[in-house]
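Asks: Provided below: start33.cif, containing mmCIF, C-alpha atoms (C1' of nucleotides).
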```
data_target
loop_
_atom_site.label_atom_id
_atom_site.label_comp_id
_atom_site.auth_asym_id
_atom_site.auth_seq_id
_atom_site.Cartn_x
_atom_site.Cartn_y
_atom_site.Cartn_z
CA MET A 1 -27.65 143.53 149.10
CA ALA A 2 -26.82 147.19 149.50
CA LEU A 3 -24.55 147.40 146.46
CA GLU A 4 -27.66 147.29 144.33
CA HIS A 5 -29.13 150.19 146.30
CA ALA A 6 -25.92 152.16 146.25
CA ILE A 7 -25.94 151.83 142.47
CA LEU A 8 -29.55 153.00 142.29
CA VAL A 9 -28.70 156.08 144.37
CA SER A 10 -25.64 156.85 142.31
CA LEU A 11 -27.48 156.45 139.00
CA LEU A 12 -30.34 158.61 140.26
CA GLU A 13 -27.83 161.30 141.13
CA LYS A 14 -26.46 160.94 137.58
CA PRO A 15 -26.79 158.21 134.93
CA GLY A 16 -23.54 156.62 133.81
CA SER A 17 -21.64 153.56 132.62
CA GLY A 18 -20.20 150.74 134.69
CA TYR A 19 -16.80 152.25 134.28
CA GLU A 20 -17.97 155.63 135.53
CA LEU A 21 -19.71 154.01 138.48
CA ALA A 22 -16.52 152.18 139.38
CA ARG A 23 -14.74 155.52 139.52
CA ARG A 24 -17.45 157.08 141.63
CA PHE A 25 -17.06 154.17 144.01
CA GLU A 26 -13.42 155.17 144.37
CA ARG A 27 -14.52 158.70 145.18
CA SER A 28 -17.62 160.12 146.78
CA ILE A 29 -19.71 156.96 147.10
CA GLY A 30 -16.54 155.30 148.33
CA TYR A 31 -16.87 157.24 151.59
CA PHE A 32 -19.23 154.55 152.71
CA TRP A 33 -19.24 151.75 150.16
CA THR A 34 -16.63 150.11 147.95
CA ALA A 35 -16.95 147.89 144.91
CA THR A 36 -14.74 146.64 142.11
CA HIS A 37 -15.63 147.03 138.46
CA GLN A 38 -16.31 143.29 138.08
CA GLN A 39 -18.93 143.38 140.75
CA ILE A 40 -20.51 146.52 139.35
CA TYR A 41 -20.73 145.12 135.81
CA ARG A 42 -22.25 141.91 137.09
CA VAL A 43 -24.85 143.66 139.20
CA LEU A 44 -25.68 146.18 136.46
CA LYS A 45 -26.35 143.33 134.08
CA ARG A 46 -28.60 141.60 136.57
CA MET A 47 -30.47 144.79 137.45
CA GLU A 48 -31.02 145.55 133.79
CA SER A 49 -32.40 142.06 133.19
CA GLU A 50 -34.73 142.57 136.17
CA GLY A 51 -36.05 145.79 134.65
CA LEU A 52 -34.65 148.13 137.29
CA LEU A 53 -32.37 149.91 134.85
CA ALA A 54 -32.40 150.97 131.20
CA VAL A 55 -29.31 150.88 128.96
CA ARG A 56 -28.31 153.12 126.09
CA GLU A 57 -25.36 152.14 123.92
CA LEU A 58 -23.33 155.24 123.22
CA SER A 59 -20.75 155.48 120.46
CA GLN A 60 -17.99 157.82 121.50
CA GLN A 61 -15.39 159.42 119.30
CA SER A 62 -11.84 158.58 120.23
CA ARG A 63 -13.00 156.11 122.87
CA PRO A 64 -14.58 152.66 123.07
CA ASP A 65 -18.36 152.57 123.12
CA LYS A 66 -20.03 152.61 126.48
CA LYS A 67 -23.34 151.55 127.95
CA GLU A 68 -25.06 154.28 129.86
CA TYR A 69 -27.40 153.02 132.56
CA SER A 70 -30.24 154.95 134.10
CA VAL A 71 -32.89 154.11 136.67
CA VAL A 72 -36.39 153.38 135.45
CA GLY A 73 -39.68 153.18 137.34
CA PRO A 74 -39.29 149.75 139.00
CA GLY A 75 -35.76 150.67 140.07
CA ARG A 76 -36.98 153.79 141.77
CA ALA A 77 -39.73 151.78 143.43
CA ALA A 78 -37.22 149.18 144.63
CA LEU A 79 -35.10 151.90 146.21
CA SER A 80 -38.12 153.47 147.85
CA GLN A 81 -39.19 150.12 149.25
CA TRP A 82 -35.72 149.49 150.66
CA LEU A 83 -35.72 152.93 152.28
CA HIS A 84 -38.88 151.97 154.15
CA GLU A 85 -37.46 148.68 155.42
CA PRO A 86 -35.38 148.55 158.59
CA ILE A 87 -31.79 147.42 158.20
CA GLN A 88 -29.65 146.10 160.98
CA PRO A 89 -26.94 148.37 162.34
CA GLU A 90 -23.60 147.45 160.88
CA SER A 91 -20.94 145.62 162.82
CA ILE A 92 -17.35 146.59 162.46
CA ARG A 93 -14.69 144.35 160.96
CA HIS A 94 -11.39 145.80 161.89
CA ASP A 95 -8.36 143.68 160.99
CA LEU A 96 -6.03 146.08 162.70
CA ALA A 97 -7.74 145.54 166.04
CA VAL A 98 -7.21 141.79 165.64
CA LYS A 99 -3.54 142.48 165.05
CA ILE A 100 -3.32 144.72 168.09
CA ARG A 101 -4.74 142.08 170.39
CA GLY A 102 -2.55 139.52 168.68
CA ALA A 103 0.50 141.62 169.52
CA ALA A 104 0.22 140.27 173.07
CA PHE A 105 1.59 137.00 171.68
CA ASP A 106 4.44 138.52 169.74
CA ASP A 107 6.70 141.55 169.99
CA PRO A 108 4.32 144.55 170.22
CA SER A 109 6.87 146.85 168.63
CA VAL A 110 6.60 145.13 165.24
CA LEU A 111 3.20 146.74 164.90
CA ILE A 112 4.32 150.32 165.28
CA ARG A 113 5.24 150.88 161.65
CA GLU A 114 2.08 149.19 160.49
CA VAL A 115 -0.05 151.44 162.69
CA GLU A 116 1.86 154.50 161.49
CA ARG A 117 1.17 153.47 157.91
CA HIS A 118 -2.55 153.17 158.62
CA ARG A 119 -2.49 156.53 160.35
CA GLN A 120 -1.04 158.09 157.22
CA VAL A 121 -3.76 156.59 155.03
CA HIS A 122 -6.49 157.90 157.28
CA SER A 123 -4.80 161.28 157.48
CA ASP A 124 -4.71 161.47 153.68
CA ARG A 125 -8.35 160.49 153.45
CA LEU A 126 -9.27 163.16 155.97
CA ALA A 127 -7.44 165.81 153.96
CA HIS A 128 -9.23 164.63 150.84
CA TYR A 129 -12.65 164.77 152.50
CA VAL A 130 -12.02 168.20 154.03
CA ALA A 131 -10.93 169.54 150.65
CA GLY A 132 -14.10 168.13 149.12
CA GLU A 133 -16.22 169.73 151.81
CA LEU A 134 -14.63 173.12 151.20
CA ARG A 135 -15.06 172.75 147.45
CA ASP A 136 -18.66 171.57 147.43
CA PHE A 137 -20.34 172.75 150.60
CA THR A 138 -18.63 175.32 152.79
CA GLY A 139 -16.34 177.25 150.43
CA PRO A 140 -16.99 180.61 148.76
CA ALA A 141 -17.97 178.96 145.45
CA SER A 142 -20.50 176.60 146.98
CA PRO A 143 -24.15 177.34 146.28
CA THR A 144 -26.30 178.69 149.11
CA PRO A 145 -28.84 177.59 149.98
CA LEU A 146 -28.12 173.92 149.29
CA ASP A 147 -30.90 171.69 148.06
CA ALA A 148 -32.01 168.59 149.96
CA GLY A 149 -29.75 166.23 148.03
CA GLN A 150 -26.73 168.38 148.72
CA GLU A 151 -27.60 168.69 152.40
CA LEU A 152 -27.76 164.89 152.63
CA GLN A 153 -24.51 164.43 150.74
CA HIS A 154 -22.94 166.92 153.11
CA VAL A 155 -24.10 165.17 156.26
CA VAL A 156 -22.74 161.87 154.94
CA LEU A 157 -19.43 163.56 154.19
CA ARG A 158 -19.39 165.03 157.70
CA GLY A 159 -19.75 161.44 158.91
CA GLY A 160 -16.72 160.42 156.90
CA ILE A 161 -14.73 163.32 158.32
CA ALA A 162 -15.77 162.48 161.88
CA TYR A 163 -14.83 158.84 161.31
CA GLU A 164 -11.35 159.68 160.02
CA ARG A 165 -10.68 162.17 162.83
CA MET A 166 -11.77 159.62 165.43
CA THR A 167 -9.66 156.91 163.85
CA ILE A 168 -6.56 159.09 163.74
CA ALA A 169 -6.95 160.00 167.41
CA TRP A 170 -7.40 156.33 168.29
CA LEU A 171 -4.35 155.28 166.28
CA ASP A 172 -2.34 157.87 168.22
CA ASP A 173 -3.60 156.24 171.39
CA VAL A 174 -2.59 152.82 170.01
CA LEU A 175 0.88 154.11 169.10
CA ALA A 176 1.39 155.57 172.56
CA THR A 177 0.34 152.25 174.10
CA LEU A 178 2.62 150.19 171.86
CA ARG A 179 5.57 152.49 172.56
CA ARG A 180 4.95 152.30 176.29
CA LEU A 181 4.90 148.49 176.13
CA GLY A 182 7.97 148.49 173.91
CA THR A 183 10.09 150.52 176.31
CA SER A 184 9.03 148.57 179.39
CA HIS A 185 9.93 145.27 177.69
CA PRO A 186 12.70 146.27 175.28
CA HIS A 187 13.68 142.73 174.35
CA ALA A 188 10.38 140.88 174.45
CA MET B 1 -8.81 135.93 155.89
CA ALA B 2 -8.74 137.59 159.29
CA LEU B 3 -11.33 135.27 160.83
CA GLU B 4 -8.63 132.64 161.02
CA HIS B 5 -6.34 135.09 162.80
CA ALA B 6 -9.07 136.34 165.11
CA ILE B 7 -9.65 132.72 166.12
CA LEU B 8 -5.93 132.20 166.76
CA VAL B 9 -5.83 135.28 168.99
CA SER B 10 -8.94 134.23 170.87
CA LEU B 11 -7.70 130.66 171.40
CA LEU B 12 -4.32 131.93 172.55
CA GLU B 13 -6.08 134.11 175.09
CA LYS B 14 -7.98 130.97 176.18
CA PRO B 15 -8.62 127.59 174.54
CA GLY B 16 -12.24 126.71 173.91
CA SER B 17 -14.86 125.02 171.75
CA GLY B 18 -16.53 126.34 168.63
CA TYR B 19 -19.58 127.13 170.65
CA GLU B 20 -17.58 129.12 173.18
CA LEU B 21 -15.80 130.99 170.40
CA ALA B 22 -19.13 131.89 168.84
CA ARG B 23 -20.18 133.44 172.13
CA ARG B 24 -16.92 135.33 172.47
CA PHE B 25 -17.54 136.71 169.01
CA GLU B 26 -20.81 138.11 170.31
CA ARG B 27 -18.94 139.75 173.15
CA SER B 28 -15.40 141.03 173.46
CA ILE B 29 -13.97 139.93 170.11
CA GLY B 30 -17.21 141.17 168.61
CA TYR B 31 -16.07 144.74 169.28
CA PHE B 32 -14.16 144.46 166.03
CA TRP B 33 -15.07 141.20 164.36
CA THR B 34 -18.23 139.15 163.94
CA ALA B 35 -18.81 135.56 162.90
CA THR B 36 -21.60 133.02 163.01
CA HIS B 37 -21.16 129.61 164.53
CA GLN B 38 -21.32 127.92 161.10
CA GLN B 39 -18.41 129.88 159.87
CA ILE B 40 -16.43 129.26 163.04
CA TYR B 41 -17.00 125.49 162.94
CA ARG B 42 -15.99 125.35 159.30
CA VAL B 43 -12.82 127.34 159.83
CA LEU B 44 -11.90 125.43 163.00
CA LYS B 45 -12.15 122.17 161.09
CA ARG B 46 -9.95 123.49 158.30
CA MET B 47 -7.39 124.92 160.70
CA GLU B 48 -7.23 121.66 162.60
CA SER B 49 -6.67 119.71 159.39
CA GLU B 50 -3.89 122.15 158.50
CA GLY B 51 -2.20 121.51 161.80
CA LEU B 52 -2.69 124.98 163.27
CA LEU B 53 -4.90 123.75 166.09
CA ALA B 54 -5.18 120.71 168.34
CA VAL B 55 -8.51 119.23 169.47
CA ARG B 56 -9.43 117.49 172.69
CA GLU B 57 -12.79 115.75 172.98
CA LEU B 58 -14.24 116.54 176.38
CA SER B 59 -17.09 114.59 177.94
CA GLN B 60 -19.13 116.88 180.12
CA GLN B 61 -21.64 115.90 182.75
CA SER B 62 -25.13 117.22 182.14
CA ARG B 63 -24.11 118.61 178.76
CA PRO B 64 -23.25 117.36 175.28
CA ASP B 65 -19.60 116.60 174.62
CA LYS B 66 -17.50 119.36 173.26
CA LYS B 67 -14.30 119.70 171.31
CA GLU B 68 -11.80 122.01 172.91
CA TYR B 69 -9.41 123.62 170.47
CA SER B 70 -6.04 125.11 171.32
CA VAL B 71 -3.27 126.67 169.27
CA VAL B 72 -0.20 124.59 168.54
CA GLY B 73 3.21 125.62 167.19
CA PRO B 74 2.37 126.13 163.51
CA GLY B 75 -0.72 128.12 164.49
CA ARG B 76 1.34 130.44 166.60
CA ALA B 77 3.83 130.79 163.77
CA ALA B 78 1.05 131.58 161.30
CA LEU B 79 -0.22 134.33 163.57
CA SER B 80 3.26 135.74 164.01
CA GLN B 81 3.81 135.76 160.28
CA TRP B 82 0.53 137.57 159.69
CA LEU B 83 1.46 140.16 162.32
CA HIS B 84 4.58 140.94 160.31
CA GLU B 85 2.72 141.36 157.02
CA PRO B 86 1.14 144.67 156.09
CA ILE B 87 -2.63 144.69 155.68
CA GLN B 88 -4.57 147.28 153.79
CA PRO B 89 -6.53 149.81 155.80
CA GLU B 90 -10.16 148.85 155.95
CA SER B 91 -12.85 150.56 153.93
CA ILE B 92 -16.17 151.27 155.48
CA ARG B 93 -19.40 149.72 154.30
CA HIS B 94 -22.19 151.73 155.78
CA ASP B 95 -25.68 150.83 154.58
CA LEU B 96 -27.21 153.66 156.53
CA ALA B 97 -25.17 156.24 154.61
CA VAL B 98 -26.52 154.77 151.37
CA LYS B 99 -30.01 155.20 152.74
CA ILE B 100 -29.34 158.77 153.77
CA ARG B 101 -28.17 159.76 150.34
CA GLY B 102 -31.06 157.80 148.88
CA ALA B 103 -33.47 159.86 150.95
CA ALA B 104 -32.97 162.67 148.43
CA PHE B 105 -35.17 160.62 146.08
CA ASP B 106 -37.89 159.88 148.60
CA ASP B 107 -39.45 161.55 151.60
CA PRO B 108 -36.50 162.22 153.96
CA SER B 109 -38.72 162.01 157.02
CA VAL B 110 -39.28 158.26 156.58
CA LEU B 111 -35.69 157.79 157.68
CA ILE B 112 -36.00 159.55 161.02
CA ARG B 113 -37.28 156.56 162.95
CA GLU B 114 -34.73 154.27 161.34
CA VAL B 115 -31.90 156.61 162.35
CA GLU B 116 -33.30 156.87 165.86
CA ARG B 117 -33.34 153.08 166.09
CA HIS B 118 -29.70 152.87 165.02
CA ARG B 119 -28.81 155.58 167.51
CA GLN B 120 -30.36 153.49 170.27
CA VAL B 121 -28.35 150.41 169.28
CA HIS B 122 -25.11 152.37 169.30
CA SER B 123 -26.02 153.99 172.58
CA ASP B 124 -26.62 150.55 174.12
CA ARG B 125 -23.32 149.26 172.77
CA LEU B 126 -21.52 152.27 174.22
CA ALA B 127 -23.05 151.65 177.65
CA HIS B 128 -22.01 148.00 177.42
CA TYR B 129 -18.44 148.89 176.46
CA VAL B 130 -18.12 151.53 179.17
CA ALA B 131 -19.39 149.07 181.77
CA GLY B 132 -16.82 146.54 180.58
CA GLU B 133 -14.07 149.10 180.78
CA LEU B 134 -15.01 149.98 184.34
CA ARG B 135 -15.20 146.30 185.30
CA ASP B 136 -11.96 145.16 183.68
CA PHE B 137 -9.64 148.13 183.39
CA THR B 138 -10.47 151.33 185.24
CA GLY B 139 -12.61 150.23 188.19
CA PRO B 140 -11.52 149.64 191.78
CA ALA B 141 -11.35 145.86 191.32
CA SER B 142 -9.17 145.99 188.22
CA PRO B 143 -5.59 144.86 188.64
CA THR B 144 -2.85 147.48 188.58
CA PRO B 145 -0.49 147.42 186.86
CA LEU B 146 -2.05 145.72 183.84
CA ASP B 147 0.01 143.29 181.82
CA ALA B 148 0.72 143.81 178.11
CA GLY B 149 -2.22 141.70 176.94
CA GLN B 150 -4.61 143.67 179.14
CA GLU B 151 -3.17 146.99 177.97
CA LEU B 152 -3.76 145.94 174.37
CA GLN B 153 -7.28 144.72 175.08
CA HIS B 154 -7.94 148.04 176.77
CA VAL B 155 -6.73 150.15 173.87
CA VAL B 156 -8.92 148.14 171.48
CA LEU B 157 -11.88 148.67 173.79
CA ARG B 158 -11.12 152.41 173.89
CA GLY B 159 -11.33 152.29 170.10
CA GLY B 160 -14.77 150.73 170.29
CA ILE B 161 -15.88 153.38 172.76
CA ALA B 162 -14.54 156.19 170.57
CA TYR B 163 -16.29 154.67 167.56
CA GLU B 164 -19.66 154.47 169.28
CA ARG B 165 -19.41 158.02 170.67
CA MET B 166 -18.48 159.37 167.25
CA THR B 167 -21.31 157.45 165.62
CA ILE B 168 -23.89 158.71 168.11
CA ALA B 169 -22.80 162.32 167.60
CA TRP B 170 -22.99 161.86 163.83
CA LEU B 171 -26.45 160.28 164.00
CA ASP B 172 -27.60 163.32 166.01
CA ASP B 173 -26.25 165.47 163.20
CA VAL B 174 -28.13 163.30 160.67
CA LEU B 175 -31.35 163.57 162.68
CA ALA B 176 -31.06 167.35 162.88
CA THR B 177 -30.49 167.50 159.14
CA LEU B 178 -33.44 165.23 158.34
CA ARG B 179 -35.73 167.22 160.64
CA ARG B 180 -34.66 170.48 159.06
CA LEU B 181 -35.41 169.10 155.59
CA GLY B 182 -38.70 167.68 156.83
CA THR B 183 -39.97 170.99 158.16
CA SER B 184 -38.90 173.00 155.14
CA HIS B 185 -40.74 170.59 152.83
CA PRO B 186 -43.59 169.30 154.99
CA HIS B 187 -45.45 167.57 152.19
CA ALA B 188 -42.64 166.32 150.00
"C1'" DC C 1 -44.94 114.16 179.50
"C1'" DT C 2 -44.59 117.54 176.36
"C1'" DT C 3 -42.91 121.95 175.21
"C1'" DG C 4 -39.43 125.17 175.14
"C1'" DG C 5 -34.71 126.64 176.13
"C1'" DC C 6 -29.67 126.02 176.36
"C1'" DT C 7 -25.49 123.62 175.03
"C1'" DA C 8 -23.18 121.65 171.13
"C1'" DT C 9 -22.16 120.39 166.31
"C1'" DG C 10 -22.83 120.19 161.55
"C1'" DC C 11 -24.63 120.06 156.22
"C1'" DA C 12 -26.29 122.25 151.99
"C1'" DA C 13 -27.30 125.99 149.21
"C1'" DC C 14 -26.82 130.43 148.17
"C1'" DG C 15 -25.15 135.16 147.68
"C1'" DA C 16 -21.49 138.57 148.11
"C1'" DG C 17 -16.95 139.89 147.08
"C1'" DT C 18 -12.07 139.18 145.31
"C1'" DT C 19 -8.43 137.95 142.02
"C1'" DG C 20 -6.60 136.83 137.79
"C1'" DC C 21 -7.07 137.02 133.22
"C1'" DA C 22 -8.68 138.58 128.52
"C1'" DT C 23 -10.13 141.76 125.00
"C1'" DA C 24 -10.21 146.02 122.38
"C1'" DA C 25 -9.83 150.85 120.85
"C1'" DG C 26 -7.38 155.17 120.74
"C1'" DA C 27 -3.67 158.43 122.71
"C1'" DA C 28 0.97 159.64 123.92
"C1'" DG C 29 5.67 159.22 123.94
"C1'" DA C 30 10.25 156.92 123.22
"C1'" DT D 1 6.98 151.22 115.58
"C1'" DC D 2 6.62 149.55 119.98
"C1'" DT D 3 5.24 150.18 124.48
"C1'" DT D 4 2.44 152.01 127.83
"C1'" DC D 5 -1.64 154.45 129.63
"C1'" DT D 6 -6.58 155.28 129.83
"C1'" DT D 7 -11.18 154.08 128.70
"C1'" DA D 8 -14.36 150.32 128.51
"C1'" DT D 9 -16.31 145.62 129.20
"C1'" DG D 10 -16.38 141.02 130.54
"C1'" DC D 11 -15.51 135.62 132.00
"C1'" DA D 12 -14.00 132.06 135.28
"C1'" DA D 13 -12.63 130.46 139.52
"C1'" DC D 14 -12.37 131.09 144.02
"C1'" DT D 15 -13.06 132.47 148.95
"C1'" DC D 16 -15.85 134.56 152.37
"C1'" DG D 17 -20.09 134.97 154.69
"C1'" DT D 18 -25.15 134.18 155.46
"C1'" DT D 19 -29.47 131.54 155.93
"C1'" DG D 20 -32.10 127.65 156.62
"C1'" DC D 21 -32.29 123.37 158.30
"C1'" DA D 22 -31.10 119.13 161.13
"C1'" DT D 23 -29.57 116.55 165.08
"C1'" DA D 24 -28.99 115.48 169.89
"C1'" DG D 25 -28.71 115.60 174.99
"C1'" DC D 26 -30.09 117.58 179.15
"C1'" DC D 27 -32.96 120.79 182.09
"C1'" DA D 28 -36.92 123.19 183.88
"C1'" DA D 29 -41.70 124.61 183.71
"C1'" DG D 30 -46.37 123.76 183.01
#
```
Now, as a test, write the supplied structure out as structure tokens.
Replies:
Amino acid sequence: MALEHAILVSLLEKPGSGYELARRFERSIGYFWTATHQQIYRVLKRMESEGLLAVRELSQQSRPDKKEYSVVGPGRAALSQWLHEPIQPESIRHDLAVKIRGAAFDDPSVLIREVERHRQVHSDRLAHYVAGELRDFTGPASPTPLDAGQELQHVVLRGGIAYERMTIAWLDDVLATLRRLGTSHPHA
Amino acid sequence: MALEHAILVSLLEKPGSGYELARRFERSIGYFWTATHQQIYRVLKRMESEGLLAVRELSQQSRPDKKEYSVVGPGRAALSQWLHEPIQPESIRHDLAVKIRGAAFDDPSVLIREVERHRQVHSDRLAHYVAGELRDFTGPASPTPLDAGQELQHVVLRGGIAYERMTIAWLDDVLATLRRLGTSHPHA
DNA sequence: CTTGGCTATGCAACGAGTTGCATAAGAAGA
DNA sequence: TCTTCTTATGCAACTCGTTGCATAGCCAAG
């Protein structure tokens, strides 16, 4: 149930509404966790009823009201407890790899455009991460020295960058393999 | 619903029972997809009722009977159709990254052993993958030239190897960062 | 001969996550 | 004015995935 903990971390970094959280999950937190607004609203409601979060109803001018959530004592304790528990290393679920192995039972060349499309997405993500790193951590405007929270955010971002670079290199390998198979069996 | 497609690929590579599939999902297919036996049995039953698979009941000596599943025409067609459809690039869900960012609100040093444990798991997986590569693809006993299916299995395995190497390097980066924070704030 | 382990299948309940839909207010532009 | 976009929240139904439990046959060890 790591969505709950991701929300706690995000709200500790800065309190906010469900809507704001959903947008953070499309951005920085989204480097390593995704969630839709429905799921976030549902979990926020549950966490509030369990006493992990506090709500403040805020009237806004020129916008609908919003509910600003923030972490209270028991929420902080729940996060701390989770940090002390071991979790099991994640296993990958990679649809594209299923497709690649499946290509042995179809024409491998049909996958080339799909793989190219995925490569583009990862390439865009990489550019986005690198720009964020320059802006927040390694550029001229970034604060030095960084505090602990920023150091940890940076190392997580470096992980995202390493992941995207690795993936792009692998997809190039996949493309080379598919093209090689395509030319050796042009009418499979 | 890629589990269905992963099962089709695996059964096309070799027919087998639910039990056998579950073990494959702990091994080679497990490089990029995981599933428990419950889920596999449930999906097999559904796929059989939909006409994608055929069953044969096999009496075995010195073992319980088993049901051997194999892919029939409509199953092959369903796989082919899926291969022609675009899928959306996967998003990562990395609990450990949540923990790392959460460490800003707790003592960062409590995470060091957890990260070391994860590093060990990934290191073991890497050794396992590399041994498999040597055995099946690059060693002296491996067949040359490889057929298309083997080439594709190999490129997927190379992806797993690249992923584990990248992850290990990143976890070393995380450990260095946590240790640096630990020494600069020894009694946080 | 009983316990534990491996093969083999399955049910029931739950929790996590997705998809479609609905509502509502104000802003911006045709 | 009518439509569309953005902010903001939520319900209902569904699928996917996990956990716990149950059954059953055979084997090997103590």
Asks: Excluding range 23-26 of chain C and residues on its chain fewer than 3 positions from it, collect all residues at most 10 Å away from it, counting only C-alpha atoms (C1' of nucleotides), and give them as a list in words.
Replies: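 In the requested form, the answer reads Gln61, Ser62, Arg63, Pro64 and Asp65 of chain A; DT6, DT7, DA8, DT9 and DG10 of chain D.
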Asks: For CA of Gln39 in chain B and CA of Ala22 in chain B, determine how far apart the two atoms are, in Å to one decimal place.
Replies: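 CA of Ala22 in chain B lies 9.2 Å from CA of Gln39 in chain B.
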Asks: Give me, as a PyMOL selection string, the contact residues of chain C against chain B at a cut-off of 9 Å, counting only C-alpha atoms (C1' of nucleotides).
Replies: chain C and resi 7-10
Asks: Could you work out an axis-aligned box for range 10-19 of chain C, taking every atom the file lists and adding 6 Å on each side, and report centre and edge lengths in Å to one decimal, as AutoDock Vina command-line options?
Replies:
```
--center_x -17.9 --center_y 130.0 --center_z 151.8 --size_x 30.9 --size_y 31.8 --size_z 31.5
```
Asks: With a distance cut-off of 7 Å and all atoms listed in the file, select the neighbouring residues of range 143-150 of chain B, excluding the residue or stretch itself and same-chain residues fewer than 4 positions from it, and output the selection as a JSON list (two decimals) with C-alpha atoms, keeping the file's coordinate frame.
Replies:
```
[["chain", "number", "residue", "atom", "x", "y", "z"],
["A", 104, "ALA", "CA", 0.22, 140.27, 173.07],
["A", 181, "LEU", "CA", 4.90, 148.49, 176.13],
["B", 154, "HIS", "CA", -7.94, 148.04, 176.77]]
```
Asks: Once you count all atoms listed in the file, what closest atom pair and distance in Å to one decimal does each residue of chain D within 12 Å of chain B have, with rows by chain and rising residue number, as CSV?
Replies:
```
residue,atom,partner,partner_atom,distance
D:DT15,C1',B:Met1,CA,8.8
D:DC16,C1',B:Met1,CA,8.0
D:DG17,C1',B:Gln39,CA,7.5
D:DT18,C1',B:Thr36,CA,8.4
D:DT19,C1',B:Gln38,CA,10.3
D:DG20,C1',B:Gln38,CA,11.7
D:DA24,C1',B:Pro64,CA,8.1
D:DG25,C1',B:Pro64,CA,5.7
D:DC26,C1',B:Ser62,CA,5.8
D:DC27,C1',B:Ser62,CA,8.6
```
Asks: Counting only C-alpha atoms, which residues of chain A fall within 8 Å of chain B, and what is the closest atom pair for each with its distance in Å at one decimal, ordered by chain and rising number, as CSV?
Replies:
```
residue,atom,partner,partner_atom,distance
A:Ala2,CA,B:Asp95,CA,6.4
A:His5,CA,B:Val98,CA,7.3
A:Ala6,CA,B:Val98,CA,5.8
A:Val9,CA,B:Gly102,CA,5.4
A:Leu12,CA,B:Phe105,CA,7.8
A:Tyr31,CA,B:Ile92,CA,7.2
A:Phe32,CA,B:Arg93,CA,5.1
A:Trp33,CA,B:Arg93,CA,4.6
A:Thr34,CA,B:Arg93,CA,6.9
A:Leu79,CA,B:Gly102,CA,7.6
A:Ser80,CA,B:Asp106,CA,6.5
A:Leu83,CA,B:Lys99,CA,6.2
A:His84,CA,B:Val110,CA,6.8
A:Pro86,CA,B:Glu114,CA,6.4
A:Ile87,CA,B:Asp95,CA,7.9
A:Gln88,CA,B:His118,CA,7.9
A:Pro89,CA,B:His118,CA,5.9
A:Glu90,CA,B:His94,CA,6.8
A:Ser91,CA,B:Thr34,CA,7.1
A:Ile92,CA,B:Phe32,CA,5.2
A:Arg93,CA,B:Trp33,CA,4.7
A:His94,CA,B:Phe32,CA,5.2
A:Asp95,CA,B:Ala2,CA,6.3
A:Leu96,CA,B:Pro89,CA,7.9
A:Ala97,CA,B:Val156,CA,6.1
A:Val98,CA,B:Ala6,CA,5.8
A:Lys99,CA,B:Leu83,CA,6.2
A:Ile100,CA,B:Leu152,CA,6.4
A:Arg101,CA,B:Leu152,CA,5.6
A:Gly102,CA,B:Val9,CA,5.4
A:Ala103,CA,B:Leu83,CA,7.4
A:Ala104,CA,B:Gly149,CA,4.8
A:Phe105,CA,B:Leu12,CA,7.8
A:Asp106,CA,B:Ser80,CA,6.5
A:Val110,CA,B:His84,CA,6.8
A:Leu111,CA,B:Leu83,CA,7.3
A:Glu114,CA,B:Pro86,CA,6.4
A:His118,CA,B:Pro89,CA,5.9
A:Val121,CA,B:Pro89,CA,7.4
A:Ala148,CA,B:Ala104,CA,6.2
A:Gly149,CA,B:Ala104,CA,4.8
A:Glu151,CA,B:Thr177,CA,7.4
A:Leu152,CA,B:Arg101,CA,5.6
A:Gln153,CA,B:Arg101,CA,5.9
A:Val155,CA,B:Val174,CA,6.3
A:Val156,CA,B:Ala97,CA,6.1
A:Arg158,CA,B:Trp170,CA,7.8
A:Gly159,CA,B:Trp170,CA,5.9
A:Ala162,CA,B:Met166,CA,6.8
A:Tyr163,CA,B:Met166,CA,7.0
A:Met166,CA,B:Ala162,CA,6.8
A:Thr167,CA,B:Tyr163,CA,7.9
A:Trp170,CA,B:Gly159,CA,5.9
A:Asp173,CA,B:Val155,CA,7.3
A:Val174,CA,B:Val155,CA,6.3
A:Thr177,CA,B:Val155,CA,7.4
A:Leu181,CA,B:Ala148,CA,6.6
```
Asks: Check which residues satisfy the PyMOL selection byres ((chain C and resi 29) around 12) in the file shown, then give them as a tab-separated table (two decimals) with C-alpha atoms (C1' of nucleotides), in the coordinates of the input.
Replies:
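Printed below is result_20.tsv as written:
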```tsv
chain	number	residue	atom	x	y	z
C	27	DA	C1'	-3.67	158.43	122.71
C	28	DA	C1'	0.97	159.64	123.92
C	30	DA	C1'	10.25	156.92	123.22
D	1	DT	C1'	6.98	151.22	115.58
D	2	DC	C1'	6.62	149.55	119.98
D	3	DT	C1'	5.24	150.18	124.48
D	4	DT	C1'	2.44	152.01	127.83
D	5	DC	C1'	-1.64	154.45	129.63
```
Asks: For C1' of DA22 in chain C and CA of Lys45 in chain A, quote the distance in Å rounded to one decimal.
Replies: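 Computed distance, C1' of DA22 in chain C to CA of Lys45 in chain A, equals 19.1 Å.
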Asks: Residues picked by the PyMOL selection byres ((chain A and resi 72) around 6) here, as number ranges by chain?
Replies: A: 52-53, 71, 73-75
Asks: In the coordinate frame of the file, compute which residues have an atom within 12 Å of (-23.6, 133.9, 140.5) when using all atoms listed in the file, and state them as a PyMOL selection string.
Replies: (chain A and resi 39+42-43+45-46) or (chain C and resi 14-17) or (chain D and resi 11-13)
